[in-house]
$ cat work.tsv   # TSV, C-alpha atoms and all ligand atoms
chain	number	residue	atom	x	y	z
A	1	MET	CA	13.08	37.64	-18.17
A	2	SER	CA	13.33	34.61	-20.45
A	3	ALA	CA	11.76	31.27	-19.52
A	4	HIS	CA	15.24	29.78	-19.63
A	5	GLN	CA	16.39	32.09	-16.81
A	6	LEU	CA	13.59	30.79	-14.59
A	7	GLU	CA	14.45	27.11	-15.04
A	8	ALA	CA	15.39	25.39	-11.78
A	9	PRO	CA	19.15	24.91	-11.53
A	10	SER	CA	20.40	21.45	-10.71
A	11	ARG	CA	21.73	21.61	-7.14
A	12	THR	CA	23.25	19.15	-4.72
A	13	LEU	CA	20.99	19.66	-1.73
A	14	MET	CA	22.77	19.20	1.60
A	15	GLY	CA	20.84	21.64	3.75
A	16	PRO	CA	18.01	21.05	6.23
A	17	GLY	CA	15.63	20.13	3.40
A	18	PRO	CA	14.48	19.65	0.76
A	19	LEU	CA	17.12	17.08	-0.14
A	20	CYS	CA	18.02	15.40	-3.43
A	21	ILE	CA	15.53	12.81	-4.59
A	22	HIS	CA	16.08	9.43	-6.22
A	23	PRO	CA	15.62	9.27	-10.04
A	24	ARG	CA	12.79	6.80	-9.49
A	25	VAL	CA	10.96	9.43	-7.41
A	26	TYR	CA	11.44	11.97	-10.23
A	27	ARG	CA	9.92	9.47	-12.64
A	28	ALA	CA	6.96	8.91	-10.30
A	29	LEU	CA	6.42	12.69	-10.29
A	30	THR	CA	5.63	12.49	-14.00
A	31	SER	CA	2.83	9.94	-13.45
A	32	PRO	CA	-0.39	10.99	-15.20
A	33	VAL	CA	-2.59	13.17	-13.03
A	34	ILE	CA	-5.62	11.20	-11.89
A	35	GLY	CA	-8.66	12.00	-9.78
A	36	HIS	CA	-8.54	11.96	-6.01
A	37	LEU	CA	-11.38	9.38	-5.89
A	38	ASP	CA	-10.12	7.20	-8.76
A	39	PRO	CA	-10.13	3.58	-7.51
A	40	ALA	CA	-6.53	3.19	-8.74
A	41	TYR	CA	-5.50	6.21	-6.68
A	42	LEU	CA	-7.32	5.10	-3.54
A	43	LYS	CA	-5.18	1.95	-3.58
A	44	VAL	CA	-2.11	4.20	-3.63
A	45	LEU	CA	-3.33	6.07	-0.55
A	46	ASP	CA	-3.93	2.76	1.24
A	47	ARG	CA	-0.44	1.55	0.37
A	48	ILE	CA	1.08	4.85	1.57
A	49	GLY	CA	-0.70	4.32	4.90
A	50	GLU	CA	0.70	0.79	5.18
A	51	LEU	CA	4.25	1.83	4.32
A	52	LEU	CA	4.12	4.78	6.71
A	53	LYS	CA	3.11	2.40	9.51
A	54	MET	CA	6.28	0.44	8.78
A	55	VAL	CA	8.44	3.59	8.87
A	56	PHE	CA	6.77	5.01	12.01
A	57	ARG	CA	6.96	1.51	13.58
A	58	THR	CA	3.29	1.66	14.53
A	59	ALA	CA	0.10	-0.31	14.18
A	60	ASN	CA	-1.98	2.90	14.38
A	61	ARG	CA	-4.91	2.54	11.99
A	62	LEU	CA	-4.97	6.26	11.30
A	63	THR	CA	-1.64	6.76	9.56
A	64	ASN	CA	-1.37	8.67	6.28
A	65	ALA	CA	-0.09	11.98	4.89
A	66	THR	CA	-1.85	15.32	5.23
A	67	PRO	CA	-1.59	17.79	2.34
A	68	GLY	CA	1.04	20.45	2.95
A	69	SER	CA	4.60	20.63	4.27
A	70	GLY	CA	5.73	19.43	7.71
A	71	SER	CA	3.96	22.32	9.41
A	72	SER	CA	0.63	20.94	8.23
A	73	GLY	CA	1.25	17.73	10.17
A	74	MET	CA	2.30	19.82	13.16
A	75	GLU	CA	-0.91	21.84	12.94
A	76	ALA	CA	-2.97	18.64	12.46
A	77	CYS	CA	-1.53	17.03	15.60
A	78	VAL	CA	-1.80	20.18	17.70
A	79	ALA	CA	-5.28	21.22	16.53
A	80	ASN	CA	-6.80	17.76	17.00
A	81	LEU	CA	-5.23	16.79	20.32
A	82	ILE	CA	-5.53	20.12	22.09
A	83	GLU	CA	-8.60	22.11	23.12
A	84	PRO	CA	-8.88	25.52	24.75
A	85	GLY	CA	-7.93	25.27	28.42
A	86	ASP	CA	-6.05	21.96	28.09
A	87	PRO	CA	-2.89	21.73	30.20
A	88	VAL	CA	-0.01	21.13	27.79
A	89	LEU	CA	3.70	20.80	28.49
A	90	VAL	CA	5.80	22.08	25.58
A	91	CYS	CA	9.54	21.33	25.50
A	92	VAL	CA	11.54	23.88	23.55
A	93	SER	CA	15.26	23.74	22.84
A	94	GLY	CA	15.26	25.02	19.29
A	95	TYR	CA	13.38	26.83	16.55
A	96	PHE	CA	10.85	24.08	15.84
A	97	GLY	CA	10.00	23.37	19.45
A	98	ASP	CA	9.12	27.05	19.57
A	99	ARG	CA	6.89	26.69	16.51
A	100	ILE	CA	4.97	23.97	18.38
A	101	ARG	CA	4.63	26.35	21.34
A	102	GLN	CA	3.17	29.03	19.08
A	103	MET	CA	0.66	26.61	17.60
A	104	VAL	CA	-0.34	25.25	21.02
A	105	GLU	CA	-0.85	28.82	22.30
A	106	ARG	CA	-3.12	29.56	19.34
A	107	GLN	CA	-5.36	26.72	20.57
A	108	GLU	CA	-5.66	28.66	23.85
A	109	ALA	CA	-4.21	25.79	25.84
A	110	ARG	CA	-2.70	26.32	29.31
A	111	VAL	CA	0.95	26.02	28.39
A	112	SER	CA	3.75	24.95	30.73
A	113	LEU	CA	7.07	25.52	29.09
A	114	ILE	CA	10.41	23.79	29.51
A	115	GLU	CA	13.11	25.81	27.81
A	116	GLY	CA	16.33	23.92	27.21
A	117	GLU	CA	19.62	25.17	25.90
A	118	TRP	CA	19.93	25.20	22.10
A	119	GLY	CA	22.39	22.44	21.16
A	120	LYS	CA	21.42	20.15	24.05
A	121	PRO	CA	18.49	17.75	24.50
A	122	ILE	CA	15.67	18.38	26.95
A	123	ASP	CA	16.59	17.06	30.38
A	124	PRO	CA	13.97	14.44	31.42
A	125	GLU	CA	14.43	15.55	35.03
A	126	LEU	CA	12.76	18.87	34.12
A	127	VAL	CA	9.88	16.93	32.58
A	128	ARG	CA	9.59	14.81	35.72
A	129	ARG	CA	9.43	17.94	37.92
A	130	SER	CA	6.87	19.61	35.73
A	131	LEU	CA	4.63	16.55	35.65
A	132	LYS	CA	4.87	16.22	39.42
A	133	ASN	CA	3.72	19.79	39.96
A	134	THR	CA	1.25	20.42	37.16
A	135	ARG	CA	-1.49	18.34	35.58
A	136	CYS	CA	-0.70	17.64	31.93
A	137	LYS	CA	-2.78	16.27	29.08
A	138	VAL	CA	-0.14	16.40	26.34
A	139	ILE	CA	3.66	16.61	26.30
A	140	ALA	CA	4.76	18.13	22.98
A	141	LEU	CA	8.35	17.88	21.83
A	142	VAL	CA	10.71	17.52	18.88
A	143	HIS	CA	12.55	14.25	18.31
A	144	ALA	CA	15.10	15.66	15.84
A	145	GLU	CA	15.64	19.41	16.25
A	146	THR	CA	16.71	20.61	12.80
A	147	SER	CA	17.79	24.02	14.07
A	148	THR	CA	20.42	22.57	16.43
A	149	GLY	CA	21.25	19.07	15.16
A	150	VAL	CA	20.21	17.41	18.43
A	151	LEU	CA	18.50	14.02	18.67
A	152	GLN	CA	16.23	13.91	21.71
A	153	PRO	CA	16.50	10.63	23.68
A	154	MET	CA	12.92	9.45	24.10
A	155	GLU	CA	12.92	6.50	26.53
A	156	GLU	CA	12.82	8.40	29.83
A	157	ILE	CA	10.31	11.00	28.68
A	158	ALA	CA	8.13	8.21	27.28
A	159	ARG	CA	8.26	6.42	30.64
A	160	LEU	CA	7.30	9.60	32.53
A	161	ALA	CA	4.40	10.32	30.16
A	162	LYS	CA	3.07	6.81	30.73
A	163	GLU	CA	3.42	7.10	34.50
A	164	HIS	CA	1.40	10.36	34.51
A	165	GLY	CA	-1.13	9.33	31.86
A	166	ALA	CA	-0.06	12.18	29.55
A	167	MET	CA	-0.16	11.86	25.78
A	168	ILE	CA	2.96	12.51	23.69
A	169	LEU	CA	2.86	14.69	20.58
A	170	LEU	CA	6.10	14.20	18.66
A	171	ASP	CA	7.77	16.04	15.78
A	172	THR	CA	9.67	13.51	13.65
A	173	VAL	CA	10.19	15.83	10.68
A	174	THR	CA	13.98	15.29	10.50
A	175	SER	CA	14.08	11.72	11.82
A	176	LEU	CA	11.41	9.67	10.06
A	177	GLY	CA	12.95	7.40	7.44
A	178	GLY	CA	16.57	8.00	8.46
A	179	VAL	CA	16.69	7.78	12.25
A	180	ASP	CA	14.81	5.27	14.39
A	181	VAL	CA	11.31	6.42	15.32
A	182	LYS	CA	9.41	4.00	17.62
A	183	ILE	CA	5.88	5.33	17.88
A	184	ASP	CA	4.31	2.29	19.56
A	185	GLU	CA	7.25	1.41	21.79
A	186	TRP	CA	7.42	4.99	23.12
A	187	GLY	CA	3.64	5.26	23.41
A	188	VAL	CA	3.44	8.34	21.19
A	189	ASP	CA	-0.18	9.41	20.56
A	190	ALA	CA	0.29	11.81	17.66
A	191	ALA	CA	3.31	12.30	15.44
A	192	TYR	CA	4.05	14.02	12.18
A	193	SER	CA	6.85	14.28	9.67
A	194	CYS	CA	7.41	15.65	6.17
A	195	SER	CA	7.96	14.15	2.74
A	196	GLN	CA	11.08	16.14	1.79
A	197	LYS	CA	13.74	15.01	4.26
A	198	CYS	CA	14.78	11.44	5.14
A	199	ILE	CA	11.74	10.04	3.31
A	200	GLY	CA	13.20	11.31	0.05
A	201	SER	CA	10.32	12.95	-1.82
A	202	PRO	CA	9.53	16.59	-2.69
A	203	SER	CA	7.82	18.73	-0.08
A	204	GLY	CA	4.04	18.96	-0.05
A	205	LEU	CA	2.92	16.04	2.10
A	206	SER	CA	3.14	15.48	5.81
A	207	PRO	CA	2.98	11.94	7.21
A	208	VAL	CA	0.91	11.74	10.41
A	209	THR	CA	-0.10	8.99	12.79
A	210	PHE	CA	-2.68	9.06	15.61
A	211	SER	CA	-3.16	6.40	18.29
A	212	ASP	CA	-6.61	5.03	19.11
A	213	ARG	CA	-6.40	6.85	22.45
A	214	ALA	CA	-5.79	10.13	20.63
A	215	LEU	CA	-8.76	9.48	18.34
A	216	GLU	CA	-11.03	8.66	21.30
A	217	GLY	CA	-9.99	12.00	22.78
A	218	VAL	CA	-10.83	13.75	19.50
A	219	SER	CA	-14.28	12.13	19.45
A	220	ARG	CA	-14.97	13.42	22.99
A	221	ARG	CA	-13.89	17.02	22.30
A	222	LYS	CA	-16.05	19.78	23.74
A	223	HIS	CA	-15.05	22.20	20.97
A	224	PRO	CA	-14.86	21.42	17.26
A	225	VAL	CA	-11.31	21.14	15.90
A	226	ARG	CA	-10.27	24.67	15.01
A	227	SER	CA	-9.04	23.68	11.58
A	228	TRP	CA	-11.55	22.33	9.09
A	229	TYR	CA	-8.84	21.31	6.60
A	230	LEU	CA	-6.81	19.35	9.14
A	231	ASP	CA	-9.68	17.92	11.20
A	232	ILE	CA	-8.48	14.33	11.47
A	233	SER	CA	-12.03	12.91	11.73
A	234	LEU	CA	-12.85	14.45	8.32
A	235	LEU	CA	-9.58	13.27	6.79
A	236	ASP	CA	-10.28	9.80	8.19
A	237	LYS	CA	-13.54	9.69	6.22
A	238	TYR	CA	-11.51	10.20	3.03
A	239	TRP	CA	-8.57	7.93	3.89
A	240	GLY	CA	-10.79	5.26	5.47
A	241	PRO	CA	-13.42	2.95	3.91
A	242	SER	CA	-16.15	5.60	3.54
A	243	ARG	CA	-14.09	7.53	0.95
A	244	VAL	CA	-15.92	10.81	1.40
A	245	TYR	CA	-14.45	13.64	-0.68
A	246	HIS	CA	-12.43	15.92	1.56
A	247	HIS	CA	-9.91	17.78	-0.62
A	248	THR	CA	-8.43	17.46	-4.10
A	249	SER	CA	-5.49	15.34	-3.03
A	250	SER	CA	-2.41	15.73	-5.28
A	251	SER	CA	-1.97	12.42	-7.07
A	252	THR	CA	1.42	13.55	-8.38
A	253	LEU	CA	2.86	14.13	-4.93
A	254	ASN	CA	1.33	10.96	-3.57
A	255	TYR	CA	2.77	8.83	-6.39
A	256	ALA	CA	6.17	10.33	-5.59
A	257	LEU	CA	5.71	9.63	-1.88
A	258	LEU	CA	4.66	6.07	-2.66
A	259	GLU	CA	7.81	5.51	-4.71
A	260	ALA	CA	10.02	7.02	-2.00
A	261	LEU	CA	8.41	4.73	0.60
A	262	GLN	CA	8.82	1.70	-1.66
A	263	ILE	CA	12.52	2.55	-1.95
A	264	ILE	CA	12.72	2.60	1.85
A	265	GLU	CA	11.02	-0.79	2.02
A	266	GLU	CA	13.43	-2.23	-0.57
A	267	GLU	CA	16.49	-0.84	1.19
A	268	GLY	CA	15.13	-2.03	4.53
A	269	LEU	CA	14.44	0.47	7.29
A	270	ASP	CA	17.22	-0.85	9.56
A	271	THR	CA	19.79	-0.80	6.75
A	272	ARG	CA	18.73	2.73	5.85
A	273	ILE	CA	19.07	3.91	9.43
A	274	LYS	CA	22.56	2.34	9.57
A	275	ARG	CA	23.48	4.13	6.32
A	276	HIS	CA	22.43	7.47	7.80
A	277	THR	CA	24.49	6.80	10.95
A	278	ARG	CA	27.59	5.66	9.05
A	279	ASN	CA	27.51	8.64	6.70
A	280	HIS	CA	26.99	11.06	9.58
A	281	LYS	CA	30.05	9.62	11.36
A	282	ALA	CA	32.12	9.92	8.17
A	283	LEU	CA	31.08	13.54	7.72
A	284	VAL	CA	31.95	14.37	11.32
A	285	ALA	CA	35.32	12.60	11.01
A	286	GLY	CA	36.07	14.63	7.89
A	287	VAL	CA	34.91	17.95	9.32
A	288	GLU	CA	36.92	17.48	12.51
A	289	ALA	CA	40.06	16.34	10.67
A	290	MET	CA	39.79	19.53	8.59
A	291	GLY	CA	40.02	21.53	11.81
A	292	LEU	CA	36.32	22.45	12.14
A	293	GLU	CA	34.14	21.84	15.20
A	294	MET	CA	30.71	20.34	15.67
A	295	LEU	CA	28.14	22.17	17.83
A	296	VAL	CA	26.60	19.14	19.54
A	297	ALA	CA	28.27	16.66	21.92
A	298	PRO	CA	28.79	13.22	20.29
A	299	ALA	CA	26.12	11.44	22.37
A	300	HIS	CA	23.33	13.75	21.17
A	301	ARG	CA	24.18	14.31	17.52
A	302	LEU	CA	21.46	13.87	14.97
A	303	PRO	CA	22.69	11.69	12.06
A	304	SER	CA	20.48	13.41	9.50
A	305	LEU	CA	21.45	17.01	10.31
A	306	ASN	CA	24.96	18.11	11.24
A	307	THR	CA	25.63	21.49	12.81
A	308	VAL	CA	29.17	22.64	12.08
A	309	LYS	CA	30.44	25.74	13.88
A	310	VAL	CA	31.41	28.69	11.69
A	311	PRO	CA	35.08	29.40	12.58
A	312	GLN	CA	35.88	32.77	14.11
A	313	GLY	CA	36.40	35.48	11.49
A	314	ILE	CA	34.65	33.57	8.70
A	315	ASP	CA	31.66	35.14	6.96
A	316	ASP	CA	28.99	32.43	7.01
A	317	ALA	CA	26.85	33.91	4.22
A	318	LYS	CA	29.84	34.31	1.87
A	319	VAL	CA	30.74	30.64	2.33
A	320	ARG	CA	27.20	29.53	1.51
A	321	SER	CA	26.97	31.80	-1.57
A	322	TYR	CA	30.36	30.54	-2.79
A	323	LEU	CA	29.24	26.91	-2.43
A	324	LEU	CA	26.05	27.67	-4.33
A	325	ASP	CA	27.65	29.72	-7.11
A	326	ALA	CA	30.85	27.72	-7.62
A	327	PHE	CA	29.58	24.21	-6.91
A	328	ASN	CA	25.76	24.27	-7.04
A	329	LEU	CA	25.91	22.98	-3.47
A	330	GLU	CA	23.30	24.07	-0.95
A	331	ILE	CA	23.90	23.88	2.79
A	332	GLY	CA	21.79	25.54	5.48
A	333	ALA	CA	22.34	28.65	7.57
A	334	GLY	CA	21.94	28.80	11.34
A	335	LEU	CA	18.45	29.64	12.62
A	336	GLY	CA	17.40	31.81	15.54
A	337	VAL	CA	20.15	32.21	18.14
A	338	LEU	CA	22.48	30.10	15.97
A	339	LYS	CA	22.22	32.47	12.98
A	340	GLY	CA	25.72	33.13	11.66
A	341	LYS	CA	27.19	30.65	14.17
A	342	VAL	CA	26.63	27.28	12.49
A	343	TRP	CA	26.15	25.66	9.11
A	344	ARG	CA	23.51	22.98	8.87
A	345	VAL	CA	24.59	20.08	6.69
A	346	GLY	CA	21.86	17.62	5.86
A	347	LEU	CA	22.58	13.97	5.11
A	348	MET	CA	19.13	12.60	4.48
A	349	GLY	CA	17.57	10.06	2.16
A	350	TYR	CA	19.15	10.07	-1.30
A	351	SER	CA	21.45	12.95	-0.24
A	352	SER	CA	23.03	10.78	2.47
A	353	SER	CA	25.80	9.32	0.32
A	354	ALA	CA	29.58	8.84	0.33
A	355	GLU	CA	29.99	10.95	-2.81
A	356	ASN	CA	28.12	13.87	-1.25
A	357	ILE	CA	30.32	13.75	1.85
A	358	ILE	CA	33.51	13.84	-0.22
A	359	PHE	CA	32.07	16.59	-2.42
A	360	PHE	CA	31.02	18.66	0.59
A	361	LEU	CA	34.39	18.39	2.35
A	362	SER	CA	36.33	19.38	-0.78
A	363	ALA	CA	33.97	22.24	-1.65
A	364	MET	CA	33.90	23.53	1.94
A	365	GLY	CA	37.72	23.46	2.03
A	366	GLN	CA	37.77	25.60	-1.12
A	367	ALA	CA	35.13	28.00	0.24
A	368	LEU	CA	37.10	28.50	3.45
A	369	ALA	CA	40.30	29.06	1.47
A	370	GLN	CA	38.58	32.04	-0.25
A	371	GLN	CA	38.59	33.72	3.15
A	372	GLY	CA	42.15	32.76	4.04
A	373	TYR	CA	41.20	29.84	6.31
A	374	LYS	CA	43.45	26.87	5.62
A	375	ALA	CA	41.41	23.74	6.26
A	376	ASP	CA	43.34	20.50	5.92
A	377	ILE	CA	41.28	19.09	3.05
A	378	SER	CA	43.36	15.97	2.46
A	379	ALA	CA	43.22	15.03	6.17
A	380	GLY	CA	39.44	15.58	6.04
A	381	LEU	CA	39.02	13.38	2.99
A	382	SER	CA	41.12	10.53	4.31
A	383	ALA	CA	39.36	10.60	7.72
A	384	ALA	CA	35.98	10.49	5.98
A	385	MET	CA	37.09	7.69	3.64
A	386	SER	CA	38.29	5.51	6.49
A	387	ALA	CA	35.06	6.12	8.46
A	388	LEU	CA	33.05	5.17	5.37
A	389	LYS	CA	34.81	1.80	5.25
A	390	GLN	CA	33.70	0.88	8.78
Z	1	LIG	C1	11.84	19.75	13.16
Z	1	LIG	C2	10.98	20.47	12.18
Z	1	LIG	N1	9.68	20.62	12.45
Z	1	LIG	C3	8.85	21.25	11.60
Z	1	LIG	C4	9.31	21.78	10.42
Z	1	LIG	C5	8.39	22.48	9.49
Z	1	LIG	O1	8.34	21.79	8.28
Z	1	LIG	P1	7.98	22.53	6.90
Z	1	LIG	O2	9.02	23.57	6.66
Z	1	LIG	O3	8.06	21.38	5.93
Z	1	LIG	O4	6.63	23.09	7.05
Z	1	LIG	C6	10.66	21.66	10.09
Z	1	LIG	C7	11.20	22.22	8.85
Z	1	LIG	O5	12.36	22.13	8.54
Z	1	LIG	C8	11.51	20.99	10.99
Z	1	LIG	O6	12.79	20.83	10.71
$ encode --input "work.tsv" --output "structure tokens"
Amino acid sequence: MSAHQLEAPSRTLMGPGPLCIHPRVYRALTSPVIGHLDPAYLKVLDRIGELLKMVFRTANRLTNATPGSGSSGMEACVANLIEPGDPVLVCVSGYFGDRIRQMVERQEARVSLIEGEWGKPIDPELVRRSLKNTRCKVIALVHAETSTGVLQPMEEIARLAKEHGAMILLDTVTSLGGVDVKIDEWGVDAAYSCSQKCIGSPSGLSPVTFSDRALEGVSRRKHPVRSWYLDISLLDKYWGPSRVYHHTSSSTLNYALLEALQIIEEEGLDTRIKRHTRNHKALVAGVEAMGLEMLVAPAHRLPSLNTVKVPQGIDDAKVRSYLLDAFNLEIGAGLGVLKGKVWRVGLMGYSSSAENIIFFLSAMGQALAQQGYKADISAGLSAAMSALKQ
């Protein structure tokens, strides 16, 4: 195979992630490689921590990015907060809630499970009942469930956690940087995200934040954290003033993350969140005007990830291959119980744009036509255009 055949094709990424990245982030990726203890680089890590505090809306001192994809942040939060025997309430209504459950079980916690329907948020009433009946140290849940396209309302669960003195462990992988995340207001004790979605960088880093209460708990643990690499006290010694070598941090990825966060700061977090919401509404208007249906009820839709139902008789995989081959356009397949039933269309970060929405609607119309499904493309485009003007 020639080297040319292995070159990465240039795709428009509109799946669950990674998403397209801004040209400035590409340029940052070509920054010279420097050492992980270089004084110039340590300033970059400090700035990343500051900017992440802004995006997480937190004053938590311990806020930075662990090495690895979103699952590394998940593992860091779970492994540090939870000890063998701890009572933990895990809320699952999708693929990633279930991944949290698996990680929590590996810590040998005593797990209480709330299983919600895929495509709907967790009902806070179930949380209230569980907390009333069972002692709970940590409530673990997903804010933005990428497998279903549901945004979990947080206020009521946050209130219940406070009332019962339980900590909240929150997955913000598909919300941070595009959907409002209010770590301090909700009283979240540990949260994680990823670099490759709404933040707008390549994968490889996982933003995390830990409250002082969470860190006090870590310092009082009876058992050492079961992950050396993601032990937050060790990472803190590298990120914090003592600057003790912990791992060979990737300067390249961190320069890219820094640039992506600076772009967020320049755009303004509130403006960026509004952009994600407006573009989501335009996409939905277009999809529905074309005759397609959304999976999730309007009140619970996640602006960054849209689940569109695969119409009866349409071969989901053929549509996705056609989009990739004919248009270099990537969208996501359904996961778990939604496999073959939905497409997952990501509108995150640099990919959340008017031109991508128009491109997607036209290309999807063509893909459906290959299978004899007549979507009303022009109605879709004009509905999306008028929603974009609002
Ligand atoms: C909600 C959610 N949590 C966790 C993850 C895991 O992240 P990663 O694949 O970056 O490890 C994902 C990945 O898409 C996700 O969507």
$ closest_residue --input "work.tsv" --among "A:Cys20, A:Ile122, A:Val90, A:Cys77" --to "His300 of chain A" --atoms "all atoms listed in the file"
A:Ile122
$ atom_distance --input "work.tsv" --atom1 "atom CA of Thr58 of chain A" --atom2 "atom CA of Asp231 of chain A"
21.1 Å
$ axis_aligned_box --input "work.tsv" --around "ligand LIG 1 (chain Z)" --padding-each-side "6 Å" --output "JSON"
{"center_x": 9.7, "center_y": 21.7, "center_z": 9.5, "size_x": 18.2, "size_y": 15.8, "size_z": 19.2}
$ residues_near_ligand --input "work.tsv" --ligand "ligand LIG 1 (chain Z)" --cutoff "10 Å" --atoms "all atoms listed in the file" --output "tab-separated table (two decimals) with C-alpha atoms, in the coordinates of the input"
chain	number	residue	atom	x	y	z
A	15	GLY	CA	20.84	21.64	3.75
A	16	PRO	CA	18.01	21.05	6.23
A	17	GLY	CA	15.63	20.13	3.40
A	18	PRO	CA	14.48	19.65	0.76
A	68	GLY	CA	1.04	20.45	2.95
A	69	SER	CA	4.60	20.63	4.27
A	70	GLY	CA	5.73	19.43	7.71
A	71	SER	CA	3.96	22.32	9.41
A	72	SER	CA	0.63	20.94	8.23
A	73	GLY	CA	1.25	17.73	10.17
A	74	MET	CA	2.30	19.82	13.16
A	75	GLU	CA	-0.91	21.84	12.94
A	94	GLY	CA	15.26	25.02	19.29
A	95	TYR	CA	13.38	26.83	16.55
A	96	PHE	CA	10.85	24.08	15.84
A	97	GLY	CA	10.00	23.37	19.45
A	98	ASP	CA	9.12	27.05	19.57
A	99	ARG	CA	6.89	26.69	16.51
A	100	ILE	CA	4.97	23.97	18.38
A	141	LEU	CA	8.35	17.88	21.83
A	142	VAL	CA	10.71	17.52	18.88
A	143	HIS	CA	12.55	14.25	18.31
A	144	ALA	CA	15.10	15.66	15.84
A	145	GLU	CA	15.64	19.41	16.25
A	146	THR	CA	16.71	20.61	12.80
A	147	SER	CA	17.79	24.02	14.07
A	148	THR	CA	20.42	22.57	16.43
A	149	GLY	CA	21.25	19.07	15.16
A	170	LEU	CA	6.10	14.20	18.66
A	171	ASP	CA	7.77	16.04	15.78
A	172	THR	CA	9.67	13.51	13.65
A	173	VAL	CA	10.19	15.83	10.68
A	174	THR	CA	13.98	15.29	10.50
A	175	SER	CA	14.08	11.72	11.82
A	192	TYR	CA	4.05	14.02	12.18
A	193	SER	CA	6.85	14.28	9.67
A	194	CYS	CA	7.41	15.65	6.17
A	195	SER	CA	7.96	14.15	2.74
A	196	GLN	CA	11.08	16.14	1.79
A	197	LYS	CA	13.74	15.01	4.26
A	202	PRO	CA	9.53	16.59	-2.69
A	203	SER	CA	7.82	18.73	-0.08
A	204	GLY	CA	4.04	18.96	-0.05
A	205	LEU	CA	2.92	16.04	2.10
A	206	SER	CA	3.14	15.48	5.81
A	305	LEU	CA	21.45	17.01	10.31
$ residues_around --input "work.tsv" --residues "Val138 of chain A" --least-positions-apart "6" --cutoff "7 Å" --atoms "all atoms listed in the file" --output "list in words"
Val88, Leu89, Ala166, Met167, Ile168 and Leu169 of chain A
$ closest_residue --input "work.tsv" --among "A:Leu292, A:Ile358, A:Ser351, A:Val150" --to "Asn306 of chain A" --atoms "only C-alpha atoms"
A:Val150
$ atom_distance --input "work.tsv" --atom1 "atom CA of Tyr238 of chain A" --atom2 "atom CA of Pro67 of chain A"
12.5 Å
$ residues_around --input "work.tsv" --residues "segment 260-267 of chain A" --least-positions-apart "4" --cutoff "9 Å" --atoms "only C-alpha atoms" --output "ChimeraX atom specification"
/A:21-22,24-25,48,51-52,54-55,177,195,199-201,255-256,271-272,349
$ closest_residue --input "work.tsv" --among "A:Lys274, A:Lys374, A:Lys182, A:Lys281" --to "Lys53 of chain A" --atoms "all atoms listed in the file"
A:Lys182
$ closest_residue --input "work.tsv" --among "A:Val208, A:Arg243, A:Thr252, A:Lys237" --to "Ser31 of chain A" --atoms "only C-alpha atoms"
A:Thr252
$ residues_around --input "work.tsv" --residues "segment 283-290 of chain A" --least-positions-apart "2" --cutoff "6 Å" --atoms "all atoms listed in the file" --output "JSON, numbers by chain"
{"A": [280, 281, 292, 293, 357, 375, 376, 377, 379, 380, 381, 383, 384]}
$ atom_distance --input "work.tsv" --atom1 "atom CA of Gln390 of chain A" --atom2 "atom CA of Phe56 of chain A"
27.4 Å
$ closest_residue --input "work.tsv" --among "A:Pro224, A:Met14, A:Leu19, A:Gly49" --to "Gln107 of chain A" --atoms "only C-alpha atoms"
A:Pro224
$ residues_near_point --input "work.tsv" --point "(26.0, 5.4, 7.6)" --cutoff "10 Å" --atoms "only C-alpha atoms" --output "list in words"
Gly178, Thr271, Arg272, Ile273, Lys274, Arg275, His276, Thr277, Arg278, Asn279, His280, Lys281, Ala282, Leu283, Pro303, Ser304, Leu347, Ser352, Ser353, Ala354, Ala387, Leu388, Lys389 and Gln390 of chain A
$ write_last_selection --input "work.tsv" --atoms "C-alpha atoms" --output "mmCIF file, in the coordinates of the input"
data_model
loop_
_atom_site.group_PDB
_atom_site.id
_atom_site.type_symbol
_atom_site.label_atom_id
_atom_site.label_comp_id
_atom_site.auth_asym_id
_atom_site.auth_seq_id
_atom_site.Cartn_x
_atom_site.Cartn_y
_atom_site.Cartn_z
ATOM 1 C CA GLY A 178 16.570 8.000 8.460
ATOM 2 C CA THR A 271 19.790 -0.800 6.750
ATOM 3 C CA ARG A 272 18.730 2.730 5.850
ATOM 4 C CA ILE A 273 19.070 3.910 9.430
ATOM 5 C CA LYS A 274 22.560 2.340 9.570
ATOM 6 C CA ARG A 275 23.480 4.130 6.320
ATOM 7 C CA HIS A 276 22.430 7.470 7.800
ATOM 8 C CA THR A 277 24.490 6.800 10.950
ATOM 9 C CA ARG A 278 27.590 5.660 9.050
ATOM 10 C CA ASN A 279 27.510 8.640 6.700
ATOM 11 C CA HIS A 280 26.990 11.060 9.580
ATOM 12 C CA LYS A 281 30.050 9.620 11.360
ATOM 13 C CA ALA A 282 32.120 9.920 8.170
ATOM 14 C CA LEU A 283 31.080 13.540 7.720
ATOM 15 C CA PRO A 303 22.690 11.690 12.060
ATOM 16 C CA SER A 304 20.480 13.410 9.500
ATOM 17 C CA LEU A 347 22.580 13.970 5.110
ATOM 18 C CA SER A 352 23.030 10.780 2.470
ATOM 19 C CA SER A 353 25.800 9.320 0.320
ATOM 20 C CA ALA A 354 29.580 8.840 0.330
ATOM 21 C CA ALA A 387 35.060 6.120 8.460
ATOM 22 C CA LEU A 388 33.050 5.170 5.370
ATOM 23 C CA LYS A 389 34.810 1.800 5.250
ATOM 24 C CA GLN A 390 33.700 0.880 8.780
#
$ closest_residue --input "work.tsv" --among "A:Phe360, A:Phe327, A:Trp118, A:Trp186" --to "Lys339 of chain A" --atoms "all atoms listed in the file"
A:Trp118
$ residues_around --input "work.tsv" --residues "Ala363 of chain A" --least-positions-apart "4" --cutoff "9 Å" --atoms "only C-alpha atoms" --output "list in words"
Leu323, Ala326, Phe327, Leu329, Ile358, Phe359, Ala367 and Leu368 of chain A
